[in-house]
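Visitor: Dropping in final-v4.csv, which is CSV, C-alpha atoms and all ligand atoms:
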```csv
chain,number,residue,atom,x,y,z
A,1,MET,CA,82.3,108.5,74.5
A,2,ASP,CA,82.2,104.7,74.4
A,3,GLY,CA,79.8,102.6,76.6
A,4,ARG,CA,82.4,101.9,79.2
A,5,SER,CA,83.4,105.5,79.9
A,6,PRO,CA,81.6,106.9,82.9
A,7,ALA,CA,80.7,110.6,82.6
A,8,LYS,CA,82.9,111.9,85.5
A,9,THR,CA,85.9,109.6,85.0
A,10,THR,CA,88.5,110.0,82.3
A,11,ILE,CA,89.9,106.7,81.1
A,12,TYR,CA,93.3,106.6,79.6
A,13,ARG,CA,94.3,103.6,77.6
A,14,VAL,CA,98.1,103.5,78.3
A,15,ASP,CA,100.9,101.4,77.0
A,16,ARG,CA,102.1,99.1,79.7
A,17,ASP,CA,105.8,99.2,78.9
A,18,ASN,CA,106.1,102.7,77.5
A,19,PRO,CA,103.3,104.7,79.1
A,20,GLU,CA,102.5,107.9,77.1
A,21,SER,CA,104.0,110.8,78.9
A,22,GLU,CA,101.0,113.1,78.2
A,23,PHE,CA,98.6,110.7,80.0
A,24,LEU,CA,101.0,110.3,82.9
A,25,ALA,CA,101.3,114.1,83.1
A,26,GLU,CA,97.5,114.6,83.2
A,27,ALA,CA,97.1,111.9,85.8
A,28,SER,CA,99.9,113.3,88.0
A,29,SER,CA,98.4,116.8,87.9
A,30,ILE,CA,95.1,115.2,89.1
A,31,ILE,CA,97.1,113.6,92.0
A,32,ARG,CA,98.8,116.9,92.9
A,33,ALA,CA,95.4,118.7,92.8
A,34,GLY,CA,94.1,116.3,95.5
A,35,GLY,CA,92.2,114.0,93.0
A,36,LEU,CA,91.9,110.3,92.8
A,37,VAL,CA,93.6,108.3,90.0
A,38,VAL,CA,93.3,104.5,89.6
A,39,PHE,CA,96.5,103.0,88.2
A,40,PRO,CA,97.8,99.5,87.5
A,41,THR,CA,100.5,97.9,89.5
A,42,GLU,CA,102.1,94.5,88.9
A,43,THR,CA,99.8,93.1,91.7
A,44,VAL,CA,96.3,94.6,91.3
A,45,TYR,CA,94.9,98.0,90.3
A,46,GLY,CA,95.3,100.7,93.0
A,47,LEU,CA,93.2,103.7,94.0
A,48,GLY,CA,95.7,106.5,94.4
A,49,ALA,CA,95.9,109.9,96.1
A,50,ASP,CA,98.6,112.2,97.4
A,51,ALA,CA,99.6,110.5,100.6
A,52,LEU,CA,100.6,113.8,102.1
A,53,ASN,CA,97.2,115.4,101.5
A,54,PRO,CA,94.7,114.4,104.2
A,55,TYR,CA,91.7,115.6,102.2
A,56,ALA,CA,92.7,113.5,99.2
A,57,VAL,CA,93.3,110.5,101.4
A,58,GLU,CA,89.9,111.0,103.0
A,59,ARG,CA,88.3,110.7,99.6
A,60,ILE,CA,89.9,107.2,99.2
A,61,PHE,CA,88.2,106.0,102.4
A,62,ARG,CA,84.9,107.5,101.3
A,63,VAL,CA,84.9,106.2,97.8
A,64,LYS,CA,85.8,102.6,98.8
A,65,GLY,CA,83.7,102.5,101.9
A,66,ARG,CA,86.9,101.5,103.7
A,67,PRO,CA,86.8,101.4,107.5
A,68,PRO,CA,88.9,104.3,108.8
A,69,ASP,CA,91.0,102.1,111.0
A,70,ASN,CA,92.4,100.2,108.0
A,71,PRO,CA,95.6,102.1,107.0
A,72,LEU,CA,96.8,102.6,103.4
A,73,ILE,CA,100.0,101.4,101.7
A,74,VAL,CA,102.2,104.4,100.6
A,75,HIS,CA,103.7,103.9,97.2
A,76,ILE,CA,107.1,105.4,96.4
A,77,ALA,CA,109.4,105.5,93.4
A,78,VAL,CA,112.8,106.2,94.9
A,79,HIS,CA,114.5,104.3,97.8
A,80,ASP,CA,115.3,107.5,99.7
A,81,ASP,CA,111.6,108.0,100.4
A,82,LEU,CA,111.8,104.9,102.7
A,83,PHE,CA,114.0,106.9,105.0
A,84,ILE,CA,111.9,110.1,104.7
A,85,LEU,CA,108.6,108.4,105.4
A,86,GLY,CA,109.9,105.8,107.8
A,87,LYS,CA,112.4,106.0,110.6
A,88,GLY,CA,114.7,103.6,112.5
A,89,ILE,CA,115.1,101.6,109.2
A,90,ASP,CA,117.1,98.6,110.2
A,91,TRP,CA,119.4,96.3,108.1
A,92,ARG,CA,116.5,93.9,107.4
A,93,ALA,CA,114.3,96.6,105.9
A,94,GLU,CA,117.2,97.9,103.9
A,95,ALA,CA,118.1,94.4,102.6
A,96,LEU,CA,114.5,93.6,101.7
A,97,ALA,CA,114.0,96.9,99.9
A,98,LYS,CA,117.3,96.3,98.0
A,99,LYS,CA,116.4,92.8,97.0
A,100,PHE,CA,112.7,93.1,96.2
A,101,TRP,CA,112.0,96.7,95.2
A,102,PRO,CA,110.6,97.7,92.8
A,103,GLY,CA,108.3,94.7,93.4
A,104,PRO,CA,105.4,93.2,95.2
A,105,LEU,CA,106.7,93.6,98.8
A,106,THR,CA,105.3,96.1,101.4
A,107,LEU,CA,107.4,96.9,104.4
A,108,VAL,CA,105.8,98.0,107.7
A,109,VAL,CA,108.3,100.3,109.6
A,110,PRO,CA,108.0,103.0,112.3
A,111,ARG,CA,106.9,106.2,110.7
A,112,SER,CA,108.3,109.7,110.6
A,113,ASN,CA,106.0,112.7,111.1
A,114,LYS,CA,105.8,113.5,107.3
A,115,LEU,CA,102.5,111.7,106.7
A,116,PRO,CA,99.1,112.8,108.0
A,117,ALA,CA,97.5,110.5,110.6
A,118,ILE,CA,94.6,109.6,108.3
A,119,THR,CA,97.0,107.9,105.8
A,120,VAL,CA,98.2,105.4,108.5
A,121,ALA,CA,94.9,105.3,110.3
A,122,GLY,CA,96.5,106.8,113.4
A,123,LEU,CA,99.2,104.1,113.8
A,124,ASP,CA,102.8,104.9,114.6
A,125,THR,CA,103.9,102.7,111.7
A,126,VAL,CA,103.6,103.0,108.0
A,127,ALA,CA,103.4,100.4,105.2
A,128,ILE,CA,105.6,101.3,102.2
A,129,ARG,CA,106.1,99.8,98.8
A,130,MET,CA,107.9,100.5,95.5
A,131,PRO,CA,105.8,98.9,92.7
A,132,ARG,CA,107.6,97.8,89.6
A,133,HIS,CA,104.8,98.4,87.0
A,134,PRO,CA,106.1,101.1,84.6
A,135,VAL,CA,102.8,103.0,84.7
A,136,ALA,CA,102.8,103.0,88.5
A,137,LEU,CA,106.4,104.1,88.8
A,138,GLY,CA,106.0,106.8,86.1
A,139,LEU,CA,102.9,108.2,87.8
A,140,ILE,CA,104.6,108.4,91.2
A,141,ARG,CA,107.7,110.0,89.8
A,142,LEU,CA,105.8,112.6,87.9
A,143,SER,CA,103.5,113.4,90.7
A,144,GLY,CA,106.5,114.2,92.9
A,145,VAL,CA,104.7,112.9,96.1
A,146,PRO,CA,104.2,109.5,97.6
A,147,ILE,CA,100.9,108.0,96.5
A,148,ALA,CA,98.6,106.3,99.1
A,149,ALA,CA,96.7,103.5,97.3
A,150,PRO,CA,94.6,100.6,98.5
A,151,SER,CA,93.2,98.1,95.9
A,152,ALA,CA,90.7,99.9,93.6
A,153,ASN,CA,87.7,97.9,94.6
A,154,LEU,CA,84.7,98.6,96.9
A,155,SER,CA,85.7,97.5,100.4
A,156,GLY,CA,85.2,93.7,100.8
A,157,ARG,CA,85.0,92.9,97.1
A,158,PRO,CA,87.7,90.9,95.2
A,159,SER,CA,90.6,93.2,94.2
A,160,PRO,CA,90.5,94.4,90.6
A,161,THR,CA,92.9,92.9,88.1
A,162,THR,CA,91.5,94.7,85.1
A,163,ALA,CA,90.3,98.3,84.5
A,164,ASP,CA,86.8,96.9,83.8
A,165,HIS,CA,86.6,95.5,87.4
A,166,VAL,CA,87.5,99.0,88.6
A,167,ILE,CA,84.8,100.6,86.4
A,168,ARG,CA,82.2,98.1,87.7
A,169,ASP,CA,83.0,99.0,91.3
A,170,LEU,CA,84.0,102.7,91.2
A,171,ALA,CA,82.7,104.3,88.0
A,172,ASP,CA,82.1,108.0,88.4
A,173,ARG,CA,83.6,108.0,91.9
A,174,VAL,CA,87.2,108.6,90.7
A,175,ASP,CA,88.7,111.3,88.5
A,176,ALA,CA,90.8,109.1,86.2
A,177,ILE,CA,91.7,105.5,85.4
A,178,LEU,CA,94.9,104.4,83.7
A,179,ASP,CA,94.1,101.2,81.9
A,180,ALA,CA,97.1,99.1,80.9
A,181,GLY,CA,95.4,95.8,80.6
A,182,PRO,CA,95.3,92.9,83.1
A,183,THR,CA,97.8,92.8,86.0
A,184,ASP,CA,100.6,90.3,86.1
A,185,ILE,CA,100.6,88.8,89.6
A,186,GLY,CA,96.9,89.1,90.4
A,187,VAL,CA,97.1,89.0,94.2
A,188,GLU,CA,98.3,91.9,96.4
A,189,SER,CA,101.7,92.5,97.7
A,190,THR,CA,103.2,90.6,100.6
A,191,VAL,CA,103.1,92.7,103.8
A,192,ILE,CA,105.9,92.1,106.3
A,193,ASP,CA,106.0,93.8,109.7
A,194,LEU,CA,109.6,94.8,110.6
A,195,THR,CA,108.6,96.2,114.0
A,196,SER,CA,108.1,92.7,115.4
A,197,GLU,CA,110.9,90.3,116.4
A,198,PRO,CA,111.3,88.2,114.3
A,199,PRO,CA,109.6,90.0,111.4
A,200,GLN,CA,106.1,88.8,110.7
A,201,VAL,CA,104.2,88.3,107.5
A,202,LEU,CA,100.8,90.0,107.9
A,203,ARG,CA,99.6,89.2,104.4
A,204,PRO,CA,101.1,86.6,102.0
A,205,GLY,CA,101.4,87.8,98.4
A,206,GLY,CA,103.7,88.2,95.4
A,207,VAL,CA,106.9,87.7,97.3
A,208,THR,CA,106.9,84.3,99.0
A,209,VAL,CA,107.8,83.7,102.6
A,210,GLU,CA,110.6,81.3,101.4
A,211,GLU,CA,112.1,84.2,99.5
A,212,LEU,CA,111.9,86.5,102.5
A,213,ARG,CA,113.7,84.0,104.8
A,214,ALA,CA,116.5,83.6,102.2
A,215,VAL,CA,117.3,87.3,102.8
A,216,VAL,CA,116.6,88.1,106.5
A,217,GLY,CA,116.6,84.6,108.1
A,218,GLU,CA,113.8,84.0,110.6
A,219,VAL,CA,110.3,85.2,109.5
A,220,ASP,CA,107.1,84.4,111.3
A,221,LEU,CA,103.6,84.1,109.8
A,222,HIS,CA,100.9,86.0,111.7
A,223,PRO,CA,98.4,83.3,112.9
A,224,LEU,CA,95.6,84.9,110.9
A,225,VAL,CA,97.4,84.3,107.7
A,226,THR,CA,96.6,80.6,107.7
A,227,GLY,CA,93.2,81.1,109.1
A,228,ALA,CA,93.5,80.5,112.9
A,229,PRO,CA,90.1,81.4,114.4
A,230,ILE,CA,89.9,85.1,115.1
A,231,GLY,CA,89.0,84.5,118.8
A,232,ASP,CA,91.1,86.5,121.1
A,233,LEU,CA,93.9,87.3,118.6
A,234,VAL,CA,94.4,90.9,118.1
A,235,ALA,CA,94.5,91.7,114.4
A,236,LYS,CA,97.9,93.3,114.0
A,237,SER,CA,97.2,94.5,110.5
A,238,PRO,CA,93.8,96.1,110.8
A,239,GLY,CA,92.8,94.9,107.4
A,240,MET,CA,93.1,91.3,108.5
A,241,LYS,CA,89.9,91.3,110.6
A,242,TYR,CA,87.5,92.2,107.8
A,243,ARG,CA,85.8,89.8,105.4
A,244,HIS,CA,87.6,90.4,102.2
A,245,TYR,CA,88.1,89.5,98.5
A,246,ALA,CA,84.6,88.2,98.6
A,247,PRO,CA,82.2,87.6,95.7
A,248,ARG,CA,78.5,88.0,96.4
A,249,ALA,CA,78.1,84.2,96.3
A,250,LYS,CA,78.9,82.2,99.4
A,251,VAL,CA,82.2,80.4,99.1
A,252,VAL,CA,83.4,77.1,100.5
A,253,VAL,CA,86.9,75.8,100.1
A,254,VAL,CA,87.7,72.0,100.0
A,255,VAL,CA,91.3,71.2,101.2
A,256,GLY,CA,93.3,68.0,101.3
A,257,GLU,CA,95.1,65.8,98.8
A,258,ALA,CA,94.5,66.6,95.2
A,259,GLY,CA,92.6,63.4,94.1
A,260,GLU,CA,90.4,63.6,97.2
A,261,ILE,CA,89.6,67.2,96.7
A,262,LYS,CA,88.4,66.5,93.2
A,263,GLN,CA,86.1,63.8,94.3
A,264,ALA,CA,84.8,65.8,97.3
A,265,VAL,CA,84.1,68.9,95.1
A,266,GLN,CA,82.2,66.8,92.7
A,267,LEU,CA,80.0,65.2,95.4
A,268,LEU,CA,79.4,68.5,97.2
A,269,ALA,CA,78.5,70.4,94.1
A,270,ALA,CA,76.0,67.7,93.0
A,271,HIS,CA,74.3,67.8,96.4
A,272,LEU,CA,74.1,71.6,96.5
A,273,ARG,CA,72.7,71.7,93.0
A,274,ARG,CA,69.5,70.2,94.2
A,275,ARG,CA,68.7,73.6,95.7
A,276,PHE,CA,71.1,76.2,94.4
A,277,ARG,CA,73.0,77.4,91.4
A,278,VAL,CA,76.5,76.2,92.0
A,279,GLY,CA,79.8,77.4,90.6
A,280,VAL,CA,83.0,75.5,90.9
A,281,LEU,CA,86.5,77.0,91.0
A,282,GLY,CA,88.5,74.1,89.8
A,283,THR,CA,92.0,73.2,88.6
A,284,ASP,CA,93.8,70.9,86.3
A,285,GLY,CA,91.0,70.7,83.7
A,286,HIS,CA,88.9,68.7,86.2
A,287,ARG,CA,85.4,68.3,84.7
A,288,TYR,CA,82.6,69.1,87.1
A,289,GLU,CA,78.9,69.2,86.7
A,290,ALA,CA,78.1,72.7,87.8
A,291,ASP,CA,76.1,75.7,86.7
A,292,ALA,CA,79.3,77.6,86.1
A,293,LEU,CA,82.9,76.4,86.0
A,294,ARG,CA,86.2,78.3,86.1
A,295,ASP,CA,89.5,76.5,85.9
A,296,LEU,CA,92.4,78.1,87.6
A,297,GLY,CA,94.8,76.0,85.5
A,298,PRO,CA,97.4,73.4,86.3
A,299,ARG,CA,98.1,72.8,90.0
A,300,SER,CA,101.8,72.8,89.0
A,301,SER,CA,101.5,76.5,88.2
A,302,PRO,CA,100.1,78.4,91.2
A,303,SER,CA,101.3,81.7,89.8
A,304,GLY,CA,99.0,81.3,86.8
A,305,ALA,CA,96.2,80.6,89.3
A,306,ALA,CA,97.0,83.7,91.4
A,307,GLN,CA,96.8,85.8,88.3
A,308,ARG,CA,93.3,84.5,87.4
A,309,LEU,CA,91.8,84.1,90.9
A,310,PHE,CA,90.0,87.5,91.4
A,311,ARG,CA,88.8,87.6,87.8
A,312,TYR,CA,87.2,84.2,88.1
A,313,LEU,CA,85.6,85.0,91.4
A,314,ARG,CA,84.0,88.0,89.8
A,315,GLU,CA,83.0,86.0,86.7
A,316,LEU,CA,81.3,83.3,88.8
A,317,ASP,CA,79.3,86.1,90.4
A,318,ASP,CA,78.3,87.4,87.0
A,319,GLU,CA,77.0,83.9,86.2
A,320,GLY,CA,74.6,84.3,89.1
A,321,VAL,CA,75.6,81.4,91.2
A,322,ASP,CA,74.5,81.2,94.9
A,323,ILE,CA,77.5,79.2,96.1
A,324,ILE,CA,81.0,78.7,94.9
A,325,VAL,CA,82.8,75.4,95.7
A,326,ALA,CA,86.6,76.0,95.4
A,327,GLU,CA,89.5,73.5,95.2
A,328,GLY,CA,92.1,74.3,97.9
A,329,TRP,CA,95.8,74.7,97.2
A,330,PRO,CA,98.9,73.6,99.0
A,331,GLU,CA,100.0,76.5,101.3
A,332,GLU,CA,103.5,77.0,100.0
A,333,GLY,CA,105.1,79.6,97.7
A,334,ILE,CA,102.4,81.8,96.1
A,335,GLY,CA,99.9,79.0,97.1
A,336,LEU,CA,99.9,80.6,100.5
A,337,ALA,CA,98.6,83.8,99.1
A,338,ILE,CA,95.9,82.0,97.0
A,339,MET,CA,94.7,80.1,100.0
A,340,ASN,CA,94.7,83.2,102.2
A,341,ARG,CA,92.4,85.0,99.7
A,342,LEU,CA,90.2,81.9,99.4
A,343,ARG,CA,89.9,81.6,103.2
A,344,LYS,CA,88.9,85.2,103.5
A,345,ALA,CA,86.4,85.0,100.6
A,346,ALA,CA,85.0,81.9,102.3
A,347,GLY,CA,84.8,83.6,105.7
A,348,GLY,CA,86.7,80.7,107.2
A,349,LEU,CA,84.5,78.0,105.6
A,350,VAL,CA,87.4,75.6,104.7
A,351,ILE,CA,86.5,71.9,104.9
A,352,PRO,CA,88.8,68.9,104.6
A,353,ALA,CA,88.0,66.7,101.6
A,354,ASP,CA,87.8,63.5,103.7
A,355,ARG,CA,85.2,65.1,105.8
A,356,VAL,CA,83.2,66.1,102.8
A,357,LEU,CA,83.4,62.6,101.5
A,358,ARG,CA,82.3,61.0,104.8
A,359,GLU,CA,79.5,63.6,105.6
A,360,THR,CA,78.4,65.0,102.2
A,361,PRO,CA,74.7,65.2,103.1
A,362,THR,CA,75.4,66.8,106.5
A,363,ILE,CA,77.8,69.4,105.1
A,364,SER,CA,75.5,70.1,102.2
A,365,SER,CA,72.5,70.8,104.4
A,366,TYR,CA,74.7,72.9,106.7
A,367,LEU,CA,75.7,75.0,103.7
A,368,ARG,CA,72.1,75.2,102.5
A,369,TYR,CA,70.9,76.7,105.8
A,370,GLY,CA,74.0,79.0,105.8
A,371,VAL,CA,73.1,80.1,102.3
A,372,MET,CA,69.4,80.5,103.2
A,373,GLY,CA,70.3,82.5,106.3
A,374,THR,CA,72.1,85.2,104.4
B,1,LIG,P1,95.0,97.2,100.5
B,1,LIG,O1,93.8,97.8,101.1
B,1,LIG,O2,94.6,96.1,99.6
B,1,LIG,O3,96.0,98.1,100.0
B,1,LIG,O4,95.7,96.5,101.8
B,1,LIG,C1,96.7,97.1,102.6
B,1,LIG,C2,97.0,96.2,103.7
B,1,LIG,O5,98.1,96.7,104.4
B,1,LIG,C3,95.9,96.1,104.7
B,1,LIG,O6,95.7,94.8,105.1
B,1,LIG,C4,96.3,97.0,105.8
B,1,LIG,O7,95.8,96.7,107.1
B,1,LIG,C5,97.8,96.8,105.8
B,1,LIG,N1,98.6,97.9,106.4
B,1,LIG,C6,98.7,99.1,105.9
B,1,LIG,N2,99.4,99.9,106.7
B,1,LIG,C7,99.8,99.1,107.8
B,1,LIG,C8,100.5,99.3,109.0
B,1,LIG,N3,101.0,100.5,109.3
B,1,LIG,N4,100.7,98.3,109.8
B,1,LIG,C9,100.1,97.1,109.5
B,1,LIG,N5,99.4,96.8,108.4
B,1,LIG,C10,99.2,97.8,107.5
B,2,MG,MG,92.4,95.7,99.3
```
Produce structure tokens that represent the structure in this file.

Guide:
Amino acid sequence: MDGRSPAKTTIYRVDRDNPESEFLAEASSIIRAGGLVVFPTETVYGLGADALNPYAVERIFRVKGRPPDNPLIVHIAVHDDLFILGKGIDWRAEALAKKFWPGPLTLVVPRSNKLPAITVAGLDTVAIRMPRHPVALGLIRLSGVPIAAPSANLSGRPSPTTADHVIRDLADRVDAILDAGPTDIGVESTVIDLTSEPPQVLRPGGVTVEELRAVVGEVDLHPLVTGAPIGDLVAKSPGMKYRHYAPRAKVVVVVGEAGEIKQAVQLLAAHLRRRFRVGVLGTDGHRYEADALRDLGPRSSPSGAAQRLFRYLRELDDEGVDIIVAEGWPEEGIGLAIMNRLRKAAGGLVIPADRVLRETPTISSYLRYGVMGT
């Protein structure tokens, strides 16, 4: 056994495009026996169990430390299952499934009585997705059951985009891991609620809001998506109200116009370094004086940034920084998903660059007390 294989977890190194059928067969028999299998999707790695088996699903919640009121996404491999697990499927759900499945889009629809209550956290709706990763599709097909799968991280941590991230969070707590290398998209699926009028995006992700509107017309964004204060808003998607995607370090995001962001991040990092180890999550090859620096790549390529985002948050943690100062992104296209994850990682600590420039010492001491208080 090599150093990265935990004793109770079998790790299969699978070919991404032509997954070995014997590995898929073993993994699918674990699913059918009520076990837990971690598998890659095109978005992030998922922690899968038979969605129809309440005992298997209960293990998912336990292993992740996931609050029981946060429902799971049910993964399917054939379109018919949308009609079996959901009900009252309208033209919009059908059109979206036809256009974006298999792919990074999750549809929230009224549910039938096929699924146990625990899978949907007692709701009368269900979130369904057909992933396009060959390993995910192959596993679901061979298992012959829909697979409930949240991201394969401990609750609250950044989602895993490699099998090593999974091993660090869940070693020995799952039966098998299918390792097919890093995931393509890097942020989770878009979640759209088709039970509201107009349909509402609960979580931005791999399919953009612009693409959704092109198929079904009017689509709203839930106010929490762009970080309205939680206040009296009722979180429609239960997962929205939890701090999420968070490294151990405190995160602050600087938003505004690109040139100003760069200047503000530089100043803020310099101030904070008087007291703390500071990591910067930059872009565009900007050079920062920091204790650790990760560059998400060109601002002209937000999809590349999305792919690297969670890995870099984890790596900055590994460098032992106390605080991460991140450059903000324009909230359009996949940039909306990047900013949504950064806002959640920052617990809402998103500051305009011009304010940072005007009030660097004030903001820096505010952050210091914040950091010292946690
Ligand atoms: P993950 O844990 O990464 O798979 O995230 C799944 C997301 O889908 C969470 O934010 C859930 O709250 C959301 N979700 C799952 N089922 C439903 C549902 N029936 N209605 C609304 N949101 C849902
Ligand atoms: Mg998750």

Visitor: As a list of chain:residue names, please: the residues near stretch 167-176 of chain A (cut-off 8 Å, all atoms listed in the file, same-chain neighbours under 6 positions excluded).

Guide: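 Once the nearby chain positions are removed, what remains is A:Arg4, A:Pro6, A:Ala7, A:Lys8, A:Thr9, A:Thr10, A:Ile11, A:Tyr12, A:Ala27, A:Ile30, A:Gly35, A:Leu36, A:Val37, A:Val38, A:Val63, A:Lys64, A:Ala152, A:Asn153, A:Leu154.
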
Visitor: Mind pulling up the distance from atom CA of A:Gln266 to atom CA of A:Trp329?

Guide: 16.4 Å

Visitor: What is the distance, in Å and to one decimal place, between atom P1 of ligand LIG 1 (chain B) and atom CA of A:Ile73?

Guide: 6.6 Å

Visitor: For ligand MG 2 (chain B), return the neighbouring residues as a ChimeraX atom specification (distance at most 10 Å; only C-alpha atoms and all ligand atoms).

Guide: /A:44-47,64,66,70,72-73,149-160,187-189,239,244-245

Visitor: In Å, with one decimal, what is the gap from atom CA of A:Leu316 to atom CA of A:Val280?

Guide: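 Computed distance, atom CA of A:Leu316 to atom CA of A:Val280, equals 8.3 Å.
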
Visitor: I want to know what sits within 9 Å of A:Asp322, based on only C-alpha atoms, with residues of the same chain fewer than 3 positions away left out; could you give that as a ChimeraX atom specification?

Guide: /A:248-251,276-279,317,371

Visitor: Counting all atoms listed in the file, which residue out of A:Pro182, A:Pro146, A:Gly347, A:Gly256 sits closest to A:Thr161?

Guide: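 Checking each candidate against A:Thr161, we get A:Pro182 as the closest.
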
Visitor: If we count all atoms listed in the file, what is near stretch 96-98 of chain A at a cut-off of 9 Å, once residues fewer than 3 positions away on the same chain are taken out, given as a list in words?

Guide: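 Contacts, with the query itself left out: His79, Leu82, Trp91, Arg92, Ala93, Trp101, Pro102, Gly103, Leu105, Thr106, Leu107, Arg129, Met130, Leu212, Val215 and Val216 of chain A.
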
Visitor: Measuring atom to atom with all atoms listed in the file, identify which of A:Gly122, A:Gly206, A:Gly333, A:Gly297 is nearest to ligand LIG 1 (chain B).

Guide: A:Gly122

Visitor: Select, from A:Ala326, A:Ala56, A:Ala264, A:Ala246, the residue with the minimum atom-to-atom distance to A:Arg341, counting only C-alpha atoms.

Guide: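 So, comparing all the options, the nearest one is A:Ala246.
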
Visitor: Write out as a PyMOL selection string each polymer residue whose atoms come within 10 Å of A:Ile140, counting all atoms listed in the file; drop sequence neighbours fewer than 5 positions from it.

Guide: chain A and resi 24+27-28+31+48+50+75-78+130-131+134-135+145-147

Visitor: Rank nothing, just name the residue among A:Glu218, A:Asp80, A:Glu58, A:Glu210 nearest to A:Gly335, using all atoms listed in the file.

Guide: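 Ranking A:Glu218, A:Asp80, A:Glu58, A:Glu210 by distance to A:Gly335, first place goes to A:Glu210.
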
Visitor: With all atoms listed in the file as the atoms that count, which of A:Ala180, A:Ile351, A:Ala163, A:Ile60 lies nearest to A:Asp17?

Guide: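 Selected residue with least distance to A:Asp17: A:Ala180.
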
Visitor: Around the point (101.4, 77.2, 95.6), in the coordinates given by the file, pick out the residues reaching within 6 Å, counting only C-alpha atoms, and return them as an MDAnalysis selection string.

Guide: chainID A and resid 302 330:335
